[in-house]
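Visitor: Sharing a structure here in structure tokens format.
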Amino acid sequence: MNEAALFTERRLANFSGRAGGVCSVPMLWLVLAALVLVRALPAGAQQEQTRPAQPTFVYLTPDEALQEAFPKAARFRVDTLRLSLEQRRALAKKLRQPELDSLFIVHLAYNAEGHFLGYATIMNEVGKYEPITFVVGVDPRFRVKKVAVMVYRESRGGQVRQPRFLYQFRNKSARDPLQPGRDIINISGATLSVRAISRGVKKALHILSFWYGTHPPQGGRRSEP
């Protein structure tokens, strides 16, 4: 029972115990109505009332994040992937995650000579309460090139933005577990954030390798799976 309901029940007991157990009818109905209202609140709403306000730390803008992922890129081309229901379900089953969104935005990186450098995608994965926004850079062979935190919205767990933590994702592919405690070192006090980053990197790798695996991008043309 939550604290508000417990408090209301205690008040009801106090009222009924006064004056030899006599309580006025209007007051009794008022207390009963308050108790019903408190108990009717969804658990999420009750928790929302006690959830502390979370700070927001912005470390990179989208443009800065793309350049962080591919410093030698002269231009980026946006590719919008539209996943069918069957594709989303197949990927979700492989990832052991809830059903994915139907749209997935990819930034294709090219150097000044027009050579393709790789893929960059901006991910949002929930940590403890709020989403963590980060960029995942992937080379043409579908190995992680760079991971960088863009926006962190929690009061704790911010250690996941440190290079010594993020560096361990380098060269990972969709064939790797990408699980804390297996091939990703956990951080005490930041477990949920570590899981969120790992989950997002794994999701990006699987979607990119699925979509572009047999149809890599060529020039300015859009590729289809």
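A note on labels: chains of the structure tokens are A, B, ... as shown, every chain counts residues from 1, and ligands are counted from 1 in their shown order.
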Excluding same-chain residues fewer than 5 positions from segment 178-192 of chain A, what lies within 8 Å of it counting only C-alpha atoms, as a ChimeraX atom specification?
Guide: /A:127-128,156-160,165,168-169,172,198-199,201-202
Visitor: Restricting the output to N, CA and C atoms, write the selected residues as a PDB file, in the first residue's frame.
Guide:
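Saved the output as result-v6.pdb:
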ATOM      1  N   GLY A 127      17.463   4.904 -19.582  1.00  0.00           N
ATOM      2  CA  GLY A 127      18.303   4.407 -18.502  1.00  0.00           C
ATOM      3  C   GLY A 127      17.435   4.037 -17.310  1.00  0.00           C
ATOM      4  N   LYS A 128      17.530   4.803 -16.227  1.00  0.00           N
ATOM      5  CA  LYS A 128      16.681   4.527 -15.070  1.00  0.00           C
ATOM      6  C   LYS A 128      15.295   5.129 -15.259  1.00  0.00           C
ATOM      7  N   ARG A 156      22.469  10.399 -11.771  1.00  0.00           N
ATOM      8  CA  ARG A 156      23.519   9.421 -11.488  1.00  0.00           C
ATOM      9  C   ARG A 156      23.789   8.584 -12.738  1.00  0.00           C
ATOM     10  N   GLY A 157      24.956   7.961 -12.772  1.00  0.00           N
ATOM     11  CA  GLY A 157      25.279   7.062 -13.875  1.00  0.00           C
ATOM     12  C   GLY A 157      25.972   7.720 -15.043  1.00  0.00           C
ATOM     13  N   GLY A 158      26.335   8.989 -14.908  1.00  0.00           N
ATOM     14  CA  GLY A 158      26.945   9.710 -16.014  1.00  0.00           C
ATOM     15  C   GLY A 158      28.325   9.219 -16.407  1.00  0.00           C
ATOM     16  N   GLN A 159      28.858   8.249 -15.661  1.00  0.00           N
ATOM     17  CA  GLN A 159      30.183   7.716 -16.013  1.00  0.00           C
ATOM     18  C   GLN A 159      30.190   7.035 -17.378  1.00  0.00           C
ATOM     19  N   VAL A 160      28.999   6.701 -17.887  1.00  0.00           N
ATOM     20  CA  VAL A 160      28.948   6.007 -19.177  1.00  0.00           C
ATOM     21  C   VAL A 160      29.413   6.887 -20.331  1.00  0.00           C
ATOM     22  N   PHE A 165      35.067   3.937 -20.826  1.00  0.00           N
ATOM     23  CA  PHE A 165      33.943   3.004 -20.886  1.00  0.00           C
ATOM     24  C   PHE A 165      33.501   2.781 -22.331  1.00  0.00           C
ATOM     25  N   GLN A 168      35.325   0.386 -25.146  1.00  0.00           N
ATOM     26  CA  GLN A 168      35.189  -1.073 -25.217  1.00  0.00           C
ATOM     27  C   GLN A 168      34.181  -1.523 -26.283  1.00  0.00           C
ATOM     28  N   PHE A 169      33.381  -0.588 -26.815  1.00  0.00           N
ATOM     29  CA  PHE A 169      32.458  -0.941 -27.898  1.00  0.00           C
ATOM     30  C   PHE A 169      33.156  -0.965 -29.259  1.00  0.00           C
ATOM     31  N   LYS A 172      33.188  -3.825 -32.094  1.00  0.00           N
ATOM     32  CA  LYS A 172      32.131  -4.803 -31.837  1.00  0.00           C
ATOM     33  C   LYS A 172      31.231  -4.908 -33.070  1.00  0.00           C
ATOM     34  N   SER A 198      24.489  -0.343 -24.100  1.00  0.00           N
ATOM     35  CA  SER A 198      24.746  -1.640 -24.737  1.00  0.00           C
ATOM     36  C   SER A 198      23.579  -2.059 -25.621  1.00  0.00           C
ATOM     37  N   ARG A 199      22.375  -1.859 -25.117  1.00  0.00           N
ATOM     38  CA  ARG A 199      21.173  -2.225 -25.868  1.00  0.00           C
ATOM     39  C   ARG A 199      21.062  -1.413 -27.157  1.00  0.00           C
ATOM     40  N   VAL A 201      23.525   0.155 -28.857  1.00  0.00           N
ATOM     41  CA  VAL A 201      24.590  -0.192 -29.803  1.00  0.00           C
ATOM     42  C   VAL A 201      24.248  -1.494 -30.524  1.00  0.00           C
ATOM     43  N   LYS A 202      23.775  -2.465 -29.770  1.00  0.00           N
ATOM     44  CA  LYS A 202      23.410  -3.755 -30.373  1.00  0.00           C
ATOM     45  C   LYS A 202      22.270  -3.587 -31.369  1.00  0.00           C
TER      46      LYS A 202
END
Visitor: Skip segment 203-207 of chain A itself and residues of its chain fewer than 6 positions away, then list as a VMD selection string all residues within 9 Å of it, counting only C-alpha atoms.
Guide: chain A and resid 91 to 92 94 to 95 97 104 121 to 123 136 138 142 to 144 172 to 175
Visitor: Could you give me, as a PyMOL selection string, each residue of segment 130-166 of chain A that DSSP assigns to strand (DSSP E or B) when run on this structure's backbone?
Guide: chain A and resi 131-138+144-152
Visitor: Please determine, counting only C-alpha atoms, which residue among A:Arg153, A:His215, A:Arg161, A:Lys93 has the shortest atom-to-atom distance to Pro55 of chain A.
Guide: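 Of all the options, A:Arg153 lies closest to Pro55 of chain A.
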Visitor: I'd like the neighbourhood of Ala74 of chain A as a list in words, where a residue qualifies if any of its atoms comes within 10 Å (using only C-alpha atoms), though same-chain residues fewer than 5 positions away should be ignored.
Guide: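 Listed by chain and then number, they are Gln67, Ala109, Tyr110, Asn111, Ala112, Glu113, Gly114 and His115 of chain A.
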Visitor: Go ahead and save the residues from that selection, with N, CA, C and O atoms, as a CSV table (one decimal), in the first residue's frame.
Guide:
chain,number,residue,atom,x,y,z
A,67,GLN,N,30.2,14.5,-36.6
A,67,GLN,CA,31.6,14.8,-36.8
A,67,GLN,C,32.5,14.0,-35.8
A,67,GLN,O,33.6,13.6,-36.2
A,109,ALA,N,28.1,8.6,-44.2
A,109,ALA,CA,29.2,9.5,-44.2
A,109,ALA,C,30.1,9.3,-45.4
A,109,ALA,O,30.4,8.2,-45.8
A,110,TYR,N,30.5,10.4,-46.1
A,110,TYR,CA,31.4,10.4,-47.2
A,110,TYR,C,32.5,11.4,-47.0
A,110,TYR,O,32.4,12.4,-46.4
A,111,ASN,N,33.7,11.0,-47.6
A,111,ASN,CA,34.8,12.0,-47.5
A,111,ASN,C,34.8,12.9,-48.7
A,111,ASN,O,33.9,12.9,-49.5
A,112,ALA,N,35.8,13.8,-48.8
A,112,ALA,CA,35.8,14.8,-49.8
A,112,ALA,C,35.9,14.2,-51.2
A,112,ALA,O,35.4,14.8,-52.2
A,113,GLU,N,36.4,13.0,-51.3
A,113,GLU,CA,36.5,12.4,-52.7
A,113,GLU,C,35.3,11.6,-53.0
A,113,GLU,O,35.2,11.0,-54.1
A,114,GLY,N,34.3,11.6,-52.1
A,114,GLY,CA,33.1,10.9,-52.3
A,114,GLY,C,33.1,9.4,-51.9
A,114,GLY,O,32.1,8.7,-52.2
A,115,HIS,N,34.1,9.0,-51.2
A,115,HIS,CA,34.2,7.6,-50.8
A,115,HIS,C,33.4,7.4,-49.5
A,115,HIS,O,33.4,8.2,-48.6
Visitor: By how many Å are atom CA of Pro140 of chain A and atom CA of Leu117 of chain A apart?
Guide: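 According to the coordinates, atom CA of Pro140 of chain A and atom CA of Leu117 of chain A are separated by 6.6 Å.
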Visitor: Which residue, A:Ser193, A:Gln87, A:Ser102, A:Gln162, has the smallest gap to Glu125 of chain A when you use only C-alpha atoms?
Guide: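 Looking only at the distances to Glu125 of chain A, the closest residue turns out to be A:Ser193.
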